[in-house]
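Source file my_file11.pdb; content: PDB, C-alpha atoms.
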```
ATOM      1  CA  MET A   1      -0.978 -13.383   0.294
ATOM      2  CA  MET A   2      -3.342 -10.970  -1.435
ATOM      3  CA  PHE A   3      -1.802  -7.929  -3.092
ATOM      4  CA  TYR A   4      -4.928  -5.902  -3.786
ATOM      5  CA  ARG A   5      -6.966  -4.828  -0.778
ATOM      6  CA  SER A   6     -10.116  -4.343  -2.829
ATOM      7  CA  TYR A   7     -10.307  -8.075  -3.655
ATOM      8  CA  GLN A   8      -9.774  -9.253  -0.080
ATOM      9  CA  SER A   9     -12.948  -9.815   1.932
ATOM     10  CA  TYR A  10     -13.296  -8.248   5.357
ATOM     11  CA  CYS A  11     -13.610 -11.713   6.915
ATOM     12  CA  HIS A  12     -10.227 -12.693   5.443
ATOM     13  CA  ARG A  13      -8.736  -9.422   6.627
ATOM     14  CA  LEU A  14     -10.102  -9.997  10.122
ATOM     15  CA  GLN A  15      -8.678 -13.509  10.163
ATOM     16  CA  HIS A  16      -5.324 -12.081   9.076
ATOM     17  CA  ASP A  17      -5.460  -9.332  11.734
ATOM     18  CA  MET A  18      -6.779 -11.490  14.581
ATOM     19  CA  TYR A  19      -3.413 -12.290  16.164
ATOM     20  CA  PHE A  20      -2.326  -8.663  15.943
ATOM     21  CA  LEU A  21      -5.536  -7.430  17.578
ATOM     22  CA  THR A  22      -5.555 -10.007  20.386
ATOM     23  CA  SER A  23      -1.895  -9.672  21.306
ATOM     24  CA  THR A  24      -1.187  -8.066  24.653
ATOM     25  CA  SER A  25      -2.022  -4.406  25.192
ATOM     26  CA  ARG A  26      -3.038  -3.640  21.608
ATOM     27  CA  LEU A  27      -6.642  -2.944  22.600
ATOM     28  CA  ASN A  28      -7.554  -1.952  26.131
ATOM     29  CA  GLU A  29     -10.850  -2.722  27.837
ATOM     30  CA  GLN A  30     -12.325   0.724  27.249
ATOM     31  CA  VAL A  31     -11.742   0.575  23.495
ATOM     32  CA  VAL A  32     -13.200  -2.934  23.229
ATOM     33  CA  ASP A  33     -16.275  -1.774  25.185
ATOM     34  CA  LYS A  34     -16.673   1.235  22.881
ATOM     35  CA  ILE A  35     -16.462  -0.996  19.803
ATOM     36  CA  VAL A  36     -19.003  -3.454  21.237
ATOM     37  CA  LEU A  37     -21.354  -0.618  22.198
ATOM     38  CA  GLN A  38     -21.051   0.952  18.761
ATOM     39  CA  LEU A  39     -21.780  -2.359  17.052
ATOM     40  CA  ASN A  40     -24.772  -2.829  19.379
ATOM     41  CA  ARG A  41     -26.268   0.658  19.451
ATOM     42  CA  VAL A  42     -25.452   2.055  16.027
ATOM     43  CA  TYR A  43     -25.805  -1.283  14.230
ATOM     44  CA  PRO A  44     -28.168  -3.420  16.361
ATOM     45  CA  GLN A  45     -28.401  -5.939  13.531
ATOM     46  CA  ILE A  46     -24.659  -6.610  13.998
ATOM     47  CA  LEU A  47     -24.743  -7.336  17.751
ATOM     48  CA  THR A  48     -27.891  -7.959  19.742
ATOM     49  CA  ASN A  49     -28.189  -6.808  23.366
ATOM     50  CA  GLU A  50     -27.468 -10.332  24.653
ATOM     51  CA  GLU A  51     -24.367 -10.665  22.466
ATOM     52  CA  ALA A  52     -23.139  -7.226  23.531
ATOM     53  CA  GLU A  53     -23.535  -8.163  27.221
ATOM     54  CA  LYS A  54     -21.580 -11.360  26.601
ATOM     55  CA  PHE A  55     -18.680  -9.492  24.972
ATOM     56  CA  ARG A  56     -18.673  -6.789  27.672
ATOM     57  CA  ASN A  57     -18.720  -9.235  30.595
ATOM     58  CA  PRO A  58     -15.958  -8.113  33.006
ATOM     59  CA  LYS A  59     -15.709 -11.623  34.517
ATOM     60  CA  ALA A  60     -14.093 -12.962  31.349
ATOM     61  CA  SER A  61     -10.595 -11.904  30.358
ATOM     62  CA  LEU A  62     -10.201  -9.211  27.716
ATOM     63  CA  HIS A  63      -8.308 -11.606  25.431
ATOM     64  CA  THR A  64     -11.110 -14.181  25.592
ATOM     65  CA  ARG A  65     -13.855 -11.616  24.995
ATOM     66  CA  LEU A  66     -12.033 -10.051  22.063
ATOM     67  CA  SER A  67     -11.222 -13.440  20.499
ATOM     68  CA  ASP A  68     -14.842 -14.536  20.880
ATOM     69  CA  LEU A  69     -16.086 -11.269  19.375
ATOM     70  CA  LEU A  70     -13.813 -11.583  16.335
ATOM     71  CA  LYS A  71     -14.794 -15.238  15.767
ATOM     72  CA  HIS A  72     -18.466 -14.328  16.153
ATOM     73  CA  LEU A  73     -18.204 -11.551  13.572
ATOM     74  CA  GLN A  74     -16.392 -13.822  11.127
ATOM     75  CA  LYS A  75     -19.206 -16.383  11.391
ATOM     76  CA  LYS A  76     -21.834 -13.677  10.763
ATOM     77  CA  GLY A  77     -20.306 -12.570   7.457
ATOM     78  CA  ASP A  78     -18.449  -9.888   5.574
ATOM     79  CA  ARG A  79     -20.720  -6.956   6.412
ATOM     80  CA  HIS A  80     -20.348  -7.603  10.146
ATOM     81  CA  CYS A  81     -16.562  -7.679   9.812
ATOM     82  CA  GLN A  82     -16.676  -4.459   7.787
ATOM     83  CA  GLU A  83     -18.643  -2.723  10.548
ATOM     84  CA  PHE A  84     -16.074  -3.931  13.089
ATOM     85  CA  TYR A  85     -13.321  -2.294  11.031
ATOM     86  CA  ARG A  86     -15.358   0.903  10.834
ATOM     87  CA  ALA A  87     -15.833   0.898  14.627
ATOM     88  CA  LEU A  88     -12.130   0.165  15.126
ATOM     89  CA  GLN A  89     -11.188   3.070  12.871
ATOM     90  CA  ILE A  90     -13.445   5.451  14.797
ATOM     91  CA  ASN A  91     -12.344   4.330  18.271
ATOM     92  CA  ALA A  92      -8.672   3.409  17.703
ATOM     93  CA  GLU A  93      -7.484   5.065  14.515
ATOM     94  CA  GLN A  94      -3.754   4.561  15.129
ATOM     95  CA  LEU A  95      -4.236   0.851  15.736
ATOM     96  CA  PHE A  96      -6.446   0.649  12.640
ATOM     97  CA  ASN A  97      -3.664   2.214  10.535
ATOM     98  CA  ASP A  98      -1.110  -0.250  11.936
ATOM     99  CA  LEU A  99      -3.093  -3.382  11.044
ATOM    100  CA  PRO A 100      -1.128  -5.988   9.054
ATOM    101  CA  SER A 101      -3.868  -6.207   6.418
ATOM    102  CA  ARG A 102      -3.437  -2.492   5.688
ATOM    103  CA  LYS A 103       0.291  -2.973   5.091
ATOM    104  CA  ILE A 104      -0.271  -5.121   1.998
ATOM    105  CA  LEU A 105       1.515  -3.722  -1.037
ATOM    106  CA  SER A 106      -0.578  -1.589  -3.322
ATOM    107  CA  PRO A 107      -0.595  -1.536  -7.139
ATOM    108  CA  VAL A 108       1.511   1.649  -7.046
ATOM    109  CA  PHE A 109       4.406  -0.390  -5.622
ATOM    110  CA  PHE A 110       4.223  -2.807  -8.551
ATOM    111  CA  LEU A 111       3.988   0.054 -11.039
ATOM    112  CA  ALA A 112       7.146   1.545  -9.528
ATOM    113  CA  CYS A 113       8.930  -1.826  -9.734
ATOM    114  CA  PHE A 114       7.842  -2.225 -13.345
ATOM    115  CA  SER A 115       9.158   1.244 -14.171
ATOM    116  CA  VAL A 116      12.540   0.424 -12.658
ATOM    117  CA  ALA A 117      12.654  -2.867 -14.583
ATOM    118  CA  ALA A 118      11.746  -1.109 -17.832
ATOM    119  CA  GLY A 119      14.450   1.511 -17.211
ATOM    120  CA  LEU A 120      17.038  -1.181 -16.574
ATOM    121  CA  ALA A 121      15.963  -3.024 -19.730
ATOM    122  CA  LEU A 122      16.348   0.177 -21.742
ATOM    123  CA  PHE A 123      19.744   0.759 -20.148
ATOM    124  CA  TRP A 124      20.800  -2.803 -21.003
ATOM    125  CA  TYR A 125      19.594  -2.326 -24.579
ATOM    126  CA  CYS A 126      21.548   0.912 -24.960
ATOM    127  CA  CYS A 127      24.716  -0.676 -23.583
ATOM    128  CA  ASN A 128      24.474  -3.713 -25.855
ATOM    129  CA  SER A 129      23.834  -1.628 -28.964
ATOM    130  CA  GLY A 130      27.472  -0.452 -28.992
ATOM    131  CA  ALA A 131      26.534   3.143 -28.223
ATOM    132  CA  CYS A 132      28.101   3.027 -24.773
ATOM    133  CA  PHE A 133      31.806   3.207 -24.029
ATOM    134  CA  SER A 134      31.820   2.937 -20.243
ATOM    135  CA  ALA A 135      29.372   2.875 -17.349
ATOM    136  CA  SER A 136      29.515   6.648 -16.887
ATOM    137  CA  THR A 137      29.073   7.449 -20.562
ATOM    138  CA  SER A 138      26.274   4.877 -20.861
ATOM    139  CA  LEU A 139      24.362   6.587 -18.064
ATOM    140  CA  GLN A 140      24.921   9.951 -19.716
ATOM    141  CA  HIS A 141      23.852   8.519 -23.070
ATOM    142  CA  LEU A 142      20.732   7.008 -21.552
ATOM    143  CA  TRP A 143      19.906  10.273 -19.768
ATOM    144  CA  THR A 144      20.267  12.248 -22.991
ATOM    145  CA  VAL A 145      18.098   9.789 -24.926
ATOM    146  CA  ILE A 146      15.323   9.579 -22.318
ATOM    147  CA  ILE A 147      15.017  13.262 -21.339
ATOM    148  CA  PRO A 148      14.235  14.712 -24.777
ATOM    149  CA  PHE A 149      11.411  12.289 -25.503
ATOM    150  CA  SER A 150       9.882  12.731 -22.072
ATOM    151  CA  ALA A 151      10.120  16.524 -22.341
ATOM    152  CA  PRO A 152       7.017  18.434 -23.410
ATOM    153  CA  GLY A 153       6.833  18.503 -27.185
ATOM    154  CA  GLY A 154       9.031  15.415 -27.552
ATOM    155  CA  SER A 155      12.004  17.319 -28.973
ATOM    156  CA  PRO A 156      14.663  15.005 -30.478
ATOM    157  CA  CYS A 157      17.430  17.146 -28.975
ATOM    158  CA  ALA A 158      18.085  17.293 -25.265
ATOM    159  CA  PRO A 159      16.966  20.446 -23.449
ATOM    160  CA  ALA A 160      19.725  22.984 -22.842
ATOM    161  CA  TRP A 161      19.820  22.343 -19.072
ATOM    162  CA  SER A 162      20.512  18.630 -19.575
ATOM    163  CA  GLN A 163      23.196  19.419 -22.168
ATOM    164  CA  VAL A 164      24.970  21.677 -19.695
ATOM    165  CA  LEU A 165      24.430  19.263 -16.804
ATOM    166  CA  LEU A 166      25.762  16.248 -18.679
ATOM    167  CA  GLY A 167      28.285  17.998 -20.892
ATOM    168  CA  LYS A 168      26.529  16.815 -24.059
ATOM    169  CA  GLN A 169      25.852  18.521 -27.355
ATOM    170  CA  CYS A 170      23.133  17.616 -29.805
ATOM    171  CA  TYR A 171      23.864  17.861 -33.529
ATOM    172  CA  ARG A 172      21.153  17.657 -36.132
ATOM    173  CA  LEU A 173      21.711  15.334 -39.107
ATOM    174  CA  GLY A 174      18.715  15.578 -41.409
ATOM    175  CA  ASN A 175      15.699  14.049 -39.645
ATOM    176  CA  LYS A 176      17.802  12.226 -37.066
ATOM    177  CA  SER A 177      19.798  13.607 -34.178
ATOM    178  CA  SER A 178      23.199  12.519 -33.011
ATOM    179  CA  ARG A 179      24.494  13.023 -29.510
ATOM    180  CA  VAL A 180      28.241  13.365 -29.064
ATOM    181  CA  LEU A 181      30.203  13.674 -25.858
ATOM    182  CA  ASP A 182      31.738  17.068 -25.454
ATOM    183  CA  GLU A 183      35.067  16.208 -23.842
ATOM    184  CA  ALA A 184      35.946  19.880 -23.378
ATOM    185  CA  VAL A 185      33.224  20.502 -20.771
TER     186      VAL A 185
END
```
In structure tokens, what does this structure look like?
Amino acid sequence: MMFYRSYQSYCHRLQHDMYFLTSTSRLNEQVVDKIVLQLNRVYPQILTNEEAEKFRNPKASLHTRLSDLLKHLQKKGDRHCQEFYRALQINAEQLFNDLPSRKILSPVFFLACFSVAAGLALFWYCCNSGACFSASTSLQHLWTVIIPFSAPGGSPCAPAWSQVLLGKQCYRLGNKSSRVLDEAV
């Protein structure tokens, strides 16, 4: 399974999407005819007149014609498959958006997963350093440590809104800062 769409060829995508496209009632006859006509008229190098007549033949079943068209385009190469996807997007945009090959996870998903993993690692580190007394105080401690350094200016003390929200106070000790739970709040 490919995770980056940009590295996956259109022929591989078409092979992956073939079952979805040929399953019952995904594409109706009118849409298939429009796609064939677009590939023939707009891009005559993609489908010749004879090929277009073959794929628009009403004597053959829609499933057979569509399967033959997709196999034919795959044999012709990547550019032909790309033009099929363009024609599909123009003539059946909702179906184009629902294609299985478009549902492949993007790099943003992996970046989000990495961020969660890094946050959990930082949380684990804070808990094992002896700075945490319980799950609730460890979350508060982690929040107070992360917020100030992600705030604009990188202040070593938590912003006032997070101190009020979490019931924390920040005391300055020379160049370092110490965060202490304010049990009174």
Handout entry: Residues matched by the PyMOL selection byres ((chain A and resi 39-46) around 10), written as a ChimeraX atom specification
Key = /A:33-38,47-53,73,76-77,79-81,83-84,86-87
Exercise for the section: Provide the atom CA of Leu120 of chain A to atom CA of Val108 of chain A distance in Å, to one decimal place. Expected result: 18.4 Å
Exercise for the section: Using only C-alpha atoms, collect all residues at a distance of at most 12 Å from (-9.5, -11.4, 7.8) as written in the file, then present them as JSON, numbers by chain. Expected result: {"A": [1, 2, 5, 7, 8, 9, 10, 11, 12, 13, 14, 15, 16, 17, 18, 19, 20, 21, 70, 71, 73, 74, 75, 77, 78, 80, 81, 82, 84, 85, 99, 100, 101, 102]}
Would you mind exporting C-alpha atoms of the selected residues as a CSV table (one decimal), keeping the file's coordinate frame?
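Output contents, as saved in out18.csv:
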```
chain,number,residue,atom,x,y,z
A,1,MET,CA,-1.0,-13.4,0.3
A,2,MET,CA,-3.3,-11.0,-1.4
A,5,ARG,CA,-7.0,-4.8,-0.8
A,7,TYR,CA,-10.3,-8.1,-3.7
A,8,GLN,CA,-9.8,-9.3,-0.1
A,9,SER,CA,-12.9,-9.8,1.9
A,10,TYR,CA,-13.3,-8.2,5.4
A,11,CYS,CA,-13.6,-11.7,6.9
A,12,HIS,CA,-10.2,-12.7,5.4
A,13,ARG,CA,-8.7,-9.4,6.6
A,14,LEU,CA,-10.1,-10.0,10.1
A,15,GLN,CA,-8.7,-13.5,10.2
A,16,HIS,CA,-5.3,-12.1,9.1
A,17,ASP,CA,-5.5,-9.3,11.7
A,18,MET,CA,-6.8,-11.5,14.6
A,19,TYR,CA,-3.4,-12.3,16.2
A,20,PHE,CA,-2.3,-8.7,15.9
A,21,LEU,CA,-5.5,-7.4,17.6
A,70,LEU,CA,-13.8,-11.6,16.3
A,71,LYS,CA,-14.8,-15.2,15.8
A,73,LEU,CA,-18.2,-11.6,13.6
A,74,GLN,CA,-16.4,-13.8,11.1
A,75,LYS,CA,-19.2,-16.4,11.4
A,77,GLY,CA,-20.3,-12.6,7.5
A,78,ASP,CA,-18.4,-9.9,5.6
A,80,HIS,CA,-20.3,-7.6,10.1
A,81,CYS,CA,-16.6,-7.7,9.8
A,82,GLN,CA,-16.7,-4.5,7.8
A,84,PHE,CA,-16.1,-3.9,13.1
A,85,TYR,CA,-13.3,-2.3,11.0
A,99,LEU,CA,-3.1,-3.4,11.0
A,100,PRO,CA,-1.1,-6.0,9.1
A,101,SER,CA,-3.9,-6.2,6.4
A,102,ARG,CA,-3.4,-2.5,5.7
```
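Neighbouring residues of Leu62 of chain A at 12 Å or closer, counting only C-alpha atoms and skipping chain neighbours under 5 positions away, are Leu21, Thr22, Ser23, Thr24, Ser25, Arg26, Leu27, Asn28, Glu29, Gln30, Val31, Val32, Asp33, Lys54, Phe55, Arg56, Asn57, Ser67, Asp68 and Leu69 of chain A.
Separating atom CA of Leu95 of chain A from atom CA of Leu111 of chain A is a distance of 28.0 Å.
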Handout entry: Pairwise distance for atom CA of Cys113 of chain A and atom CA of Gln94 of chain A, rounded to one decimal in Å
Key = 28.6 Å
Using the file's own x, y and z axes, so that the box edges lie along x, y and z, what centre and edge lengths in Å (one decimal) does a box around every listed atom of segment 120-130 of chain A get when 6 Å is added on each side? Give it as AutoDock Vina command-line options.
```
--center_x 21.7 --center_y -1.4 --center_z -22.8 --size_x 23.5 --size_y 16.6 --size_z 24.4
```
